[in-house]
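A.B. asks: Next comes upload_16.tsv, TSV, C-alpha atoms and all ligand atoms:
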```
chain	number	residue	atom	x	y	z
A	914	MET	CA	-3.70	-11.93	-37.60
A	915	ARG	CA	-5.54	-13.19	-34.53
A	916	LYS	CA	-7.04	-16.64	-34.85
A	917	LYS	CA	-10.84	-16.62	-34.49
A	918	THR	CA	-12.13	-18.83	-31.70
A	919	PRO	CA	-15.08	-20.90	-32.96
A	920	ARG	CA	-18.43	-19.86	-31.48
A	921	ARG	CA	-19.58	-22.21	-28.74
A	922	ILE	CA	-22.78	-24.17	-29.19
A	923	ASP	CA	-25.78	-22.74	-27.34
A	924	LEU	CA	-29.46	-23.62	-26.89
A	925	GLU	CA	-30.49	-21.92	-30.15
A	926	ASP	CA	-28.03	-24.11	-32.07
A	927	VAL	CA	-29.50	-27.23	-30.46
A	928	LYS	CA	-33.04	-26.08	-31.27
A	929	SER	CA	-32.24	-25.55	-34.94
A	930	LYS	CA	-30.47	-28.90	-35.15
A	931	VAL	CA	-33.42	-30.73	-33.58
A	932	GLY	CA	-35.96	-28.89	-35.76
A	933	ASP	CA	-39.46	-30.19	-35.12
A	934	LEU	CA	-39.43	-32.22	-31.93
A	935	PRO	CA	-41.25	-35.54	-32.30
A	936	SER	CA	-44.59	-35.13	-30.55
A	937	LEU	CA	-45.85	-37.16	-27.62
A	938	PRO	CA	-47.75	-40.24	-28.84
A	939	GLU	CA	-51.53	-40.22	-28.61
A	940	ALA	CA	-51.49	-42.88	-25.85
A	941	VAL	CA	-49.34	-40.63	-23.64
A	942	THR	CA	-51.40	-37.47	-24.15
A	943	HIS	CA	-54.46	-39.60	-23.51
A	944	VAL	CA	-53.05	-40.79	-20.17
A	945	LEU	CA	-51.95	-37.27	-19.24
A	946	ARG	CA	-55.47	-36.01	-19.96
A	947	ILE	CA	-56.97	-38.77	-17.84
A	948	MET	CA	-54.54	-37.94	-15.03
A	949	ASP	CA	-55.75	-34.32	-15.11
A	950	ASP	CA	-59.41	-35.27	-15.16
A	951	PRO	CA	-60.81	-36.00	-11.70
A	952	SER	CA	-63.91	-37.66	-13.16
A	953	SER	CA	-61.94	-40.41	-14.94
A	954	ASN	CA	-61.48	-43.85	-13.41
A	955	ALA	CA	-59.61	-47.12	-13.73
A	956	THR	CA	-61.93	-48.36	-16.48
A	957	ASP	CA	-60.89	-45.50	-18.78
A	958	VAL	CA	-57.27	-46.46	-18.39
A	959	THR	CA	-57.96	-50.20	-18.69
A	960	ASN	CA	-59.62	-49.54	-22.05
A	961	ILE	CA	-56.42	-47.99	-23.41
A	962	VAL	CA	-54.44	-51.05	-22.36
A	963	VAL	CA	-56.83	-53.61	-23.77
A	964	ARG	CA	-56.83	-51.80	-27.14
A	965	ASP	CA	-53.05	-51.85	-27.47
A	966	ALA	CA	-51.43	-55.30	-27.76
A	967	GLY	CA	-47.85	-54.07	-27.12
A	968	THR	CA	-48.84	-52.30	-23.92
A	969	ALA	CA	-50.96	-55.25	-22.80
A	970	ALA	CA	-47.93	-57.55	-23.16
A	971	LYS	CA	-45.85	-55.12	-21.09
A	972	VAL	CA	-48.47	-55.00	-18.36
A	973	LEU	CA	-48.40	-58.81	-18.15
A	974	ARG	CA	-44.57	-58.89	-18.04
A	975	LEU	CA	-44.57	-56.28	-15.32
A	976	VAL	CA	-47.18	-57.98	-13.15
A	977	ASN	CA	-45.18	-61.20	-13.42
A	978	SER	CA	-41.83	-59.53	-12.62
A	979	ALA	CA	-39.91	-59.49	-9.34
A	980	TYR	CA	-41.25	-55.98	-8.78
A	981	PHE	CA	-44.57	-57.48	-7.72
A	982	GLY	CA	-43.26	-60.79	-6.43
A	983	LEU	CA	-46.49	-62.74	-6.99
A	984	ALA	CA	-46.59	-66.45	-6.17
A	985	SER	CA	-48.36	-67.54	-9.36
A	986	LYS	CA	-48.22	-66.37	-12.97
A	987	VAL	CA	-50.98	-64.06	-14.24
A	988	SER	CA	-52.01	-64.44	-17.88
A	989	ASP	CA	-55.32	-62.56	-18.06
A	990	ILE	CA	-54.95	-58.87	-18.93
A	991	LYS	CA	-58.00	-57.69	-16.99
A	992	HIS	CA	-56.81	-59.56	-13.90
A	993	ALA	CA	-53.36	-58.02	-14.38
A	994	VAL	CA	-54.84	-54.53	-14.55
A	995	THR	CA	-56.75	-55.15	-11.31
A	996	LEU	CA	-53.59	-56.33	-9.57
A	997	LEU	CA	-51.53	-53.45	-10.88
A	998	GLY	CA	-53.96	-50.80	-9.73
A	999	PHE	CA	-54.87	-47.50	-11.33
A	1000	LYS	CA	-51.81	-45.56	-10.21
A	1001	GLU	CA	-49.20	-48.11	-11.25
A	1002	LEU	CA	-50.95	-48.55	-14.55
A	1003	ARG	CA	-50.94	-44.84	-15.32
A	1004	THR	CA	-47.26	-44.80	-14.52
A	1005	LEU	CA	-46.57	-47.76	-16.77
A	1006	LEU	CA	-48.50	-46.26	-19.67
A	1007	LEU	CA	-46.79	-42.92	-19.32
A	1008	ALA	CA	-43.37	-44.53	-19.17
A	1009	ALA	CA	-43.98	-46.96	-22.03
A	1010	GLY	CA	-45.42	-44.20	-24.23
A	1011	SER	CA	-42.53	-41.87	-23.43
A	1012	PHE	CA	-40.07	-44.57	-24.29
A	1013	GLY	CA	-41.59	-44.72	-27.77
A	1014	LEU	CA	-41.28	-40.95	-28.04
A	1015	LEU	CA	-37.74	-40.69	-26.77
A	1016	SER	CA	-36.56	-43.54	-28.99
A	1017	LYS	CA	-37.63	-41.40	-31.99
A	1018	LEU	CA	-34.91	-38.94	-31.02
A	1019	GLY	CA	-32.54	-41.42	-32.66
A	1020	GLY	CA	-29.04	-42.49	-31.81
A	1021	GLU	CA	-27.43	-45.86	-31.47
A	1022	GLN	CA	-29.49	-48.37	-29.52
A	1023	LYS	CA	-27.19	-49.33	-26.66
A	1024	GLY	CA	-26.40	-45.81	-25.42
A	1025	PHE	CA	-30.05	-44.88	-25.71
A	1026	GLN	CA	-31.10	-47.86	-23.60
A	1027	GLU	CA	-28.58	-46.91	-20.95
A	1028	ILE	CA	-29.88	-43.33	-20.62
A	1029	TRP	CA	-33.43	-44.64	-20.61
A	1030	LYS	CA	-32.79	-47.25	-17.93
A	1031	HIS	CA	-31.27	-44.54	-15.72
A	1032	SER	CA	-34.16	-42.11	-16.34
A	1033	ALA	CA	-36.89	-44.67	-15.67
A	1034	THR	CA	-35.14	-45.78	-12.47
A	1035	VAL	CA	-34.86	-42.14	-11.30
A	1036	ALA	CA	-38.58	-41.77	-12.06
A	1037	MET	CA	-39.55	-44.78	-9.95
A	1038	LEU	CA	-37.31	-43.72	-7.07
A	1039	ALA	CA	-38.56	-40.12	-7.21
A	1040	ARG	CA	-42.11	-41.38	-6.85
A	1041	ARG	CA	-41.15	-43.48	-3.83
A	1042	ILE	CA	-39.35	-40.53	-2.23
A	1043	VAL	CA	-42.39	-38.24	-2.40
A	1044	ALA	CA	-44.78	-41.01	-1.32
A	1045	ARG	CA	-44.42	-39.86	2.28
A	1046	ARG	CA	-44.98	-36.16	1.58
A	1047	LEU	CA	-48.67	-35.57	1.12
A	1048	GLU	CA	-48.31	-32.07	-0.27
A	1049	LEU	CA	-46.23	-33.38	-3.17
A	1050	ASP	CA	-47.58	-35.23	-6.17
A	1051	GLN	CA	-46.16	-38.66	-7.01
A	1052	GLU	CA	-46.97	-38.46	-10.70
A	1053	THR	CA	-45.21	-35.09	-11.04
A	1054	ALA	CA	-42.15	-36.59	-9.36
A	1055	PHE	CA	-42.34	-39.56	-11.71
A	1056	ALA	CA	-42.64	-37.42	-14.85
A	1057	THR	CA	-39.74	-35.21	-13.69
A	1058	GLY	CA	-37.54	-38.27	-13.23
A	1059	LEU	CA	-38.59	-39.79	-16.52
A	1060	PHE	CA	-37.78	-36.70	-18.59
A	1061	HIS	CA	-35.00	-35.14	-16.50
A	1062	ASP	CA	-32.20	-36.26	-18.83
A	1063	ALA	CA	-34.21	-35.90	-22.08
A	1064	GLY	CA	-31.72	-33.17	-23.09
A	1065	LYS	CA	-29.01	-35.85	-23.12
A	1066	LEU	CA	-31.10	-37.91	-25.52
A	1067	ALA	CA	-31.42	-34.90	-27.83
A	1068	LEU	CA	-27.64	-34.41	-27.81
A	1069	PHE	CA	-27.13	-38.13	-28.27
A	1070	GLY	CA	-29.55	-38.37	-31.21
A	1071	TYR	CA	-29.00	-35.02	-32.97
A	1072	MET	CA	-25.46	-33.96	-32.05
A	1073	PRO	CA	-23.57	-37.24	-31.66
A	1074	ILE	CA	-20.13	-35.67	-32.22
A	1075	MET	CA	-20.69	-33.14	-29.44
A	1076	TYR	CA	-22.17	-35.86	-27.22
A	1077	ARG	CA	-19.08	-38.03	-27.64
A	1078	LYS	CA	-16.82	-35.04	-27.02
A	1079	ILE	CA	-18.59	-34.36	-23.69
A	1080	VAL	CA	-18.32	-38.00	-22.61
A	1081	ALA	CA	-14.62	-38.07	-23.54
A	1082	GLU	CA	-13.99	-34.86	-21.58
A	1083	ALA	CA	-15.85	-36.23	-18.54
A	1084	LYS	CA	-13.77	-39.39	-18.67
A	1085	LYS	CA	-10.47	-37.55	-19.14
A	1086	GLN	CA	-11.08	-35.27	-16.19
A	1087	SER	CA	-13.09	-37.67	-13.99
A	1088	ILE	CA	-16.05	-35.33	-13.80
A	1089	SER	CA	-19.79	-35.58	-14.38
A	1090	PHE	CA	-21.46	-35.21	-17.78
A	1091	PHE	CA	-22.92	-31.89	-16.57
A	1092	GLU	CA	-19.50	-30.53	-15.55
A	1093	ALA	CA	-18.04	-31.61	-18.89
A	1094	GLU	CA	-20.86	-29.84	-20.75
A	1095	LYS	CA	-19.76	-26.58	-19.16
A	1096	LEU	CA	-16.35	-27.04	-20.74
A	1097	CYS	CA	-17.71	-27.88	-24.19
A	1098	MET	CA	-20.85	-25.74	-24.74
A	1099	ASP	CA	-22.79	-22.66	-23.69
A	1100	THR	CA	-25.80	-24.80	-22.87
A	1101	ASN	CA	-26.39	-28.10	-21.05
A	1102	HIS	CA	-28.82	-31.03	-21.01
A	1103	ALA	CA	-30.87	-29.49	-18.18
A	1104	GLU	CA	-31.56	-26.36	-20.24
A	1105	ILE	CA	-32.19	-28.40	-23.40
A	1106	GLY	CA	-34.51	-30.77	-21.49
A	1107	GLN	CA	-36.41	-27.81	-20.04
A	1108	TRP	CA	-37.05	-26.53	-23.55
A	1109	MET	CA	-38.20	-29.98	-24.70
A	1110	ALA	CA	-40.53	-30.47	-21.72
A	1111	GLY	CA	-42.04	-27.04	-22.38
A	1112	ALA	CA	-42.58	-27.92	-26.05
A	1113	TRP	CA	-44.31	-31.15	-24.99
A	1114	ARG	CA	-46.52	-29.11	-22.64
A	1115	LEU	CA	-45.60	-31.07	-19.55
A	1116	SER	CA	-46.77	-29.42	-16.33
A	1117	PRO	CA	-44.95	-26.20	-15.29
A	1118	SER	CA	-43.60	-27.96	-12.16
A	1119	VAL	CA	-42.01	-30.67	-14.30
A	1120	VAL	CA	-40.55	-28.15	-16.78
A	1121	ALA	CA	-39.01	-26.03	-13.99
A	1122	ALA	CA	-37.64	-29.04	-12.11
A	1123	ILE	CA	-35.94	-30.44	-15.22
A	1124	GLY	CA	-34.21	-27.11	-15.82
A	1125	LEU	CA	-32.93	-27.05	-12.25
A	1126	HIS	CA	-32.15	-30.71	-11.67
A	1127	HIS	CA	-28.40	-30.05	-11.45
A	1128	ASP	CA	-28.83	-26.98	-9.25
A	1129	ALA	CA	-31.51	-28.29	-6.92
A	1130	VAL	CA	-29.67	-27.42	-3.72
A	1131	ASN	CA	-29.90	-23.73	-4.70
A	1132	ALA	CA	-33.57	-23.92	-5.65
A	1133	PRO	CA	-35.56	-24.28	-2.42
A	1134	ASN	CA	-38.84	-23.59	-4.23
A	1135	GLU	CA	-38.48	-26.53	-6.59
A	1136	PRO	CA	-38.95	-29.64	-4.43
A	1137	TYR	CA	-39.21	-31.91	-7.49
A	1138	ALA	CA	-35.74	-30.87	-8.63
A	1139	LEU	CA	-34.43	-31.85	-5.20
A	1140	VAL	CA	-36.27	-35.18	-5.30
A	1141	CYS	CA	-34.67	-35.79	-8.69
A	1142	GLU	CA	-31.25	-35.01	-7.19
A	1143	PHE	CA	-31.85	-37.54	-4.38
A	1144	ALA	CA	-32.97	-40.20	-6.86
A	1145	ASN	CA	-29.93	-39.51	-9.05
A	1146	TYR	CA	-27.68	-39.95	-6.04
A	1147	ILE	CA	-29.22	-43.35	-5.24
A	1148	CYS	CA	-28.76	-44.39	-8.88
A	1149	TRP	CA	-25.13	-43.33	-8.63
A	1150	LEU	CA	-24.70	-45.48	-5.51
A	1151	LYS	CA	-26.07	-48.45	-7.46
A	1152	GLY	CA	-24.09	-47.75	-10.64
A	1153	ILE	CA	-27.24	-46.98	-12.66
A	1154	ASN	CA	-25.77	-43.76	-13.92
A	1155	GLY	CA	-26.33	-43.55	-17.61
A	1156	PRO	CA	-23.27	-43.05	-19.80
A	1157	GLY	CA	-20.74	-40.23	-19.46
A	1158	ASN	CA	-20.69	-39.75	-15.69
A	1159	PHE	CA	-17.33	-40.02	-13.96
A	1160	GLY	CA	-16.09	-38.77	-10.61
A	1161	GLN	CA	-17.92	-38.72	-7.32
A	1162	ARG	CA	-21.38	-37.60	-6.25
A	1163	THR	CA	-22.27	-36.45	-2.77
A	1164	LEU	CA	-25.50	-36.24	-0.85
A	1165	ASP	CA	-26.31	-33.23	1.29
A	1166	LEU	CA	-27.55	-35.08	4.38
A	1167	ALA	CA	-28.97	-31.91	5.93
A	1168	LEU	CA	-31.24	-31.45	2.89
A	1169	TRP	CA	-32.18	-35.12	2.97
A	1170	LYS	CA	-33.21	-34.84	6.63
A	1171	ASN	CA	-34.96	-31.53	6.03
A	1172	PHE	CA	-37.04	-33.31	3.47
A	1173	GLY	CA	-38.25	-35.67	6.19
A	1174	LEU	CA	-36.06	-38.59	5.18
A	1175	ALA	CA	-33.94	-40.64	7.60
A	1176	SER	CA	-30.56	-42.31	6.99
A	1177	ASP	CA	-32.37	-45.68	7.05
A	1178	ASP	CA	-34.48	-44.52	4.12
A	1179	LEU	CA	-31.35	-44.22	2.01
A	1180	ASP	CA	-30.52	-47.90	2.58
A	1181	ALA	CA	-34.11	-48.96	1.95
A	1182	LEU	CA	-34.35	-46.98	-1.29
A	1183	ALA	CA	-30.95	-48.19	-2.49
A	1184	ALA	CA	-32.05	-51.77	-1.80
A	1185	ILE	CA	-35.09	-51.46	-4.03
A	1186	ALA	CA	-33.28	-49.57	-6.82
A	1187	ASP	CA	-32.33	-52.85	-8.53
A	1188	ILE	CA	-35.93	-53.95	-8.70
A	1189	GLU	CA	-36.88	-50.50	-9.94
A	1190	SER	CA	-34.39	-50.81	-12.74
A	1191	GLU	CA	-35.85	-54.19	-13.69
A	1192	PHE	CA	-39.18	-52.39	-14.03
A	1193	ALA	CA	-37.42	-49.85	-16.26
A	1194	GLU	CA	-36.02	-52.59	-18.47
A	1195	ILE	CA	-39.42	-54.17	-18.97
A	1196	ILE	CA	-40.83	-50.84	-20.05
A	1197	ALA	CA	-37.90	-50.32	-22.40
A	1198	GLN	CA	-38.32	-53.66	-24.16
A	1199	GLY	CA	-39.78	-53.26	-27.64
A	1200	GLY	CA	-43.46	-53.71	-28.33
A	1301	FE	FE	-28.89	-34.81	-15.54
A	1302	FE	FE	-29.71	-38.23	-14.30
```
Could you write out this structure as structure tokens?
C.D. replies:
Amino acid sequence: MRKKTPRRIDLEDVKSKVGDLPSLPEAVTHVLRIMDDPSSNATDVTNIVVRDAGTAAKVLRLVNSAYFGLASKVSDIKHAVTLLGFKELRTLLLAAGSFGLLSKLGGEQKGFQEIWKHSATVAMLARRIVARRLELDQETAFATGLFHDAGKLALFGYMPIMYRKIVAEAKKQSISFFEAEKLCMDTNHAEIGQWMAGAWRLSPSVVAAIGLHHDAVNAPNEPYALVCEFANYICWLKGINGPGNFGQRTLDLALWKNFGLASDDLDALAAIADIESEFAEIIAQGG
């Protein structure tokens, strides 16, 4: 009798394992609404911060971090908000709120922190990369970076045995997590993340870019996926990879230049990646 090969795990299996996805916290949906509303202003956002002690503490830590490099310590929250500016503050709130959400996906703390640190660093770098392209939106780039590996968090929290199998396979063969997923499942963290982002009603650009973030070079109509690829490459250069990635990464310099970036920009972005990851760690601290 022929031995039956076990059915490989696909997206539907992941969906049923995850069940009801934890929903985005009120603070995050609030910020997203404000971001979409042209009539809102810095005061609206400041009010959210002042109401929430944990976020207020994070804002103070951030303003006093190397990221801002201020000469003297700031201890007043309203002053901190003024220094931070509306845009940075929105970013901080979105990231801090998402951290709370993603931590609900479960899993052991250390691995979770590592994926998070990588994702938040990609988000910050993605925003810097699009800063020079006026037709692109910095917040969309940021949100894409922040959630691009959310599918990994779902595997990590809900399917830990499969997650460990993928990491072990990647290590054994010196390949990336994504390549190892192809060997282990009929789905991958990009597809899973795309489903999650859709369920959270993130913008269509973010949802599409997450789904394509490992195939960006073949998706010329998804600039945010390409930006995410660039930011991932810089993280790889700096060793801020997240767990389970082995082997080499390459950068398509022609695409980089086509995007309007110079070789000098790569050095400049790599140099600030460490500070960006400090920002990510502050956001990821409890509170
Ligand atoms: Fe990824
Ligand atoms: Fe990544």
A.B. asks: Which residue is closest to His1127 in chain A? Choose from A:Tyr1076, A:Lys986, A:Ile1185, A:His1061 and count all atoms listed in the file.
C.D. replies: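 Distance minimum relative to His1127 in chain A lands on A:His1061.
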A.B. asks: Enumerate residues in contact with ligand FE 1301 (chain A): an atom-to-atom distance of at most 12 Å, counting all atoms listed in the file. Format the result as number ranges by chain.
C.D. replies: A: 1028-1029, 1031-1032, 1035, 1057-1066, 1089-1094, 1101-1107, 1122-1129, 1138, 1141-1146, 1148-1149, 1154-1158
A.B. asks: Got a sec to check which residues sit within 12 Å of (-45.2, -58.2, -19.0), counting only C-alpha atoms, and write them as a PyMOL selection string?
C.D. replies: chain A and resi 966-981+986-990+993-994+997+1005+1009+1191-1200
A.B. asks: Can you work out which one of A:Phe1055, A:Tyr1071, A:Phe999, A:Phe1025 has the shortest atom-to-atom distance to Leu1038 in chain A, counting only C-alpha atoms?
C.D. replies: A:Phe1055
A.B. asks: Between A:Ala1036, A:Ile1088, A:Ala1132, A:Leu1014, which residue has the minimum interatomic distance to ligand FE 1302 (chain A), considering only C-alpha atoms and all ligand atoms?
C.D. replies: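 Closest candidate: A:Ala1036.
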A.B. asks: Taking into account only C-alpha atoms, which residue in the set A:Pro919, A:Ser1116, A:Arg1162, A:Asp1050 is nearest to Ser1087 in chain A?
C.D. replies: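 Smallest separation from Ser1087 in chain A among the options: A:Arg1162.
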A.B. asks: Please report the interatomic distance between CA of Ser1016 in chain A and CA of Asp933 in chain A in Å with one decimal.
C.D. replies: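 Distance between the two atoms: 15.0 Å.
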A.B. asks: What does the distance between CA of Gly998 in chain A and CA of Asn960 in chain A come to in Å, to one decimal place?
C.D. replies: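 Here the two named atoms are 13.6 Å from each other.
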A.B. asks: Between CA of His992 in chain A and CA of Thr959 in chain A, what is the distance, to one decimal in Å?
C.D. replies: 10.6 Å
A.B. asks: Using the structure block above, produce a file of range 1169-1182 of chain A that contains C-alpha atoms, as an mmCIF file, in the first residue's frame.
C.D. replies:
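Saved result, out_8.cif, follows:
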```cif
data_model
loop_
_atom_site.group_PDB
_atom_site.id
_atom_site.type_symbol
_atom_site.label_atom_id
_atom_site.label_comp_id
_atom_site.auth_asym_id
_atom_site.auth_seq_id
_atom_site.Cartn_x
_atom_site.Cartn_y
_atom_site.Cartn_z
ATOM 1 C CA TRP A 1169 17.904 51.356 -6.095
ATOM 2 C CA LYS A 1170 19.139 53.963 -8.584
ATOM 3 C CA ASN A 1171 15.886 53.871 -10.523
ATOM 4 C CA PHE A 1172 14.174 54.781 -7.320
ATOM 5 C CA GLY A 1173 16.255 57.958 -7.190
ATOM 6 C CA LEU A 1174 18.678 56.738 -4.540
ATOM 7 C CA ALA A 1175 22.471 57.049 -4.779
ATOM 8 C CA SER A 1176 25.144 54.667 -3.449
ATOM 9 C CA ASP A 1177 25.948 57.278 -0.772
ATOM 10 C CA ASP A 1178 22.373 57.004 0.466
ATOM 11 C CA LEU A 1179 22.965 53.364 1.306
ATOM 12 C CA ASP A 1180 25.846 54.280 3.623
ATOM 13 C CA ALA A 1181 23.874 57.128 5.184
ATOM 14 C CA LEU A 1182 20.819 54.944 5.819
#
```
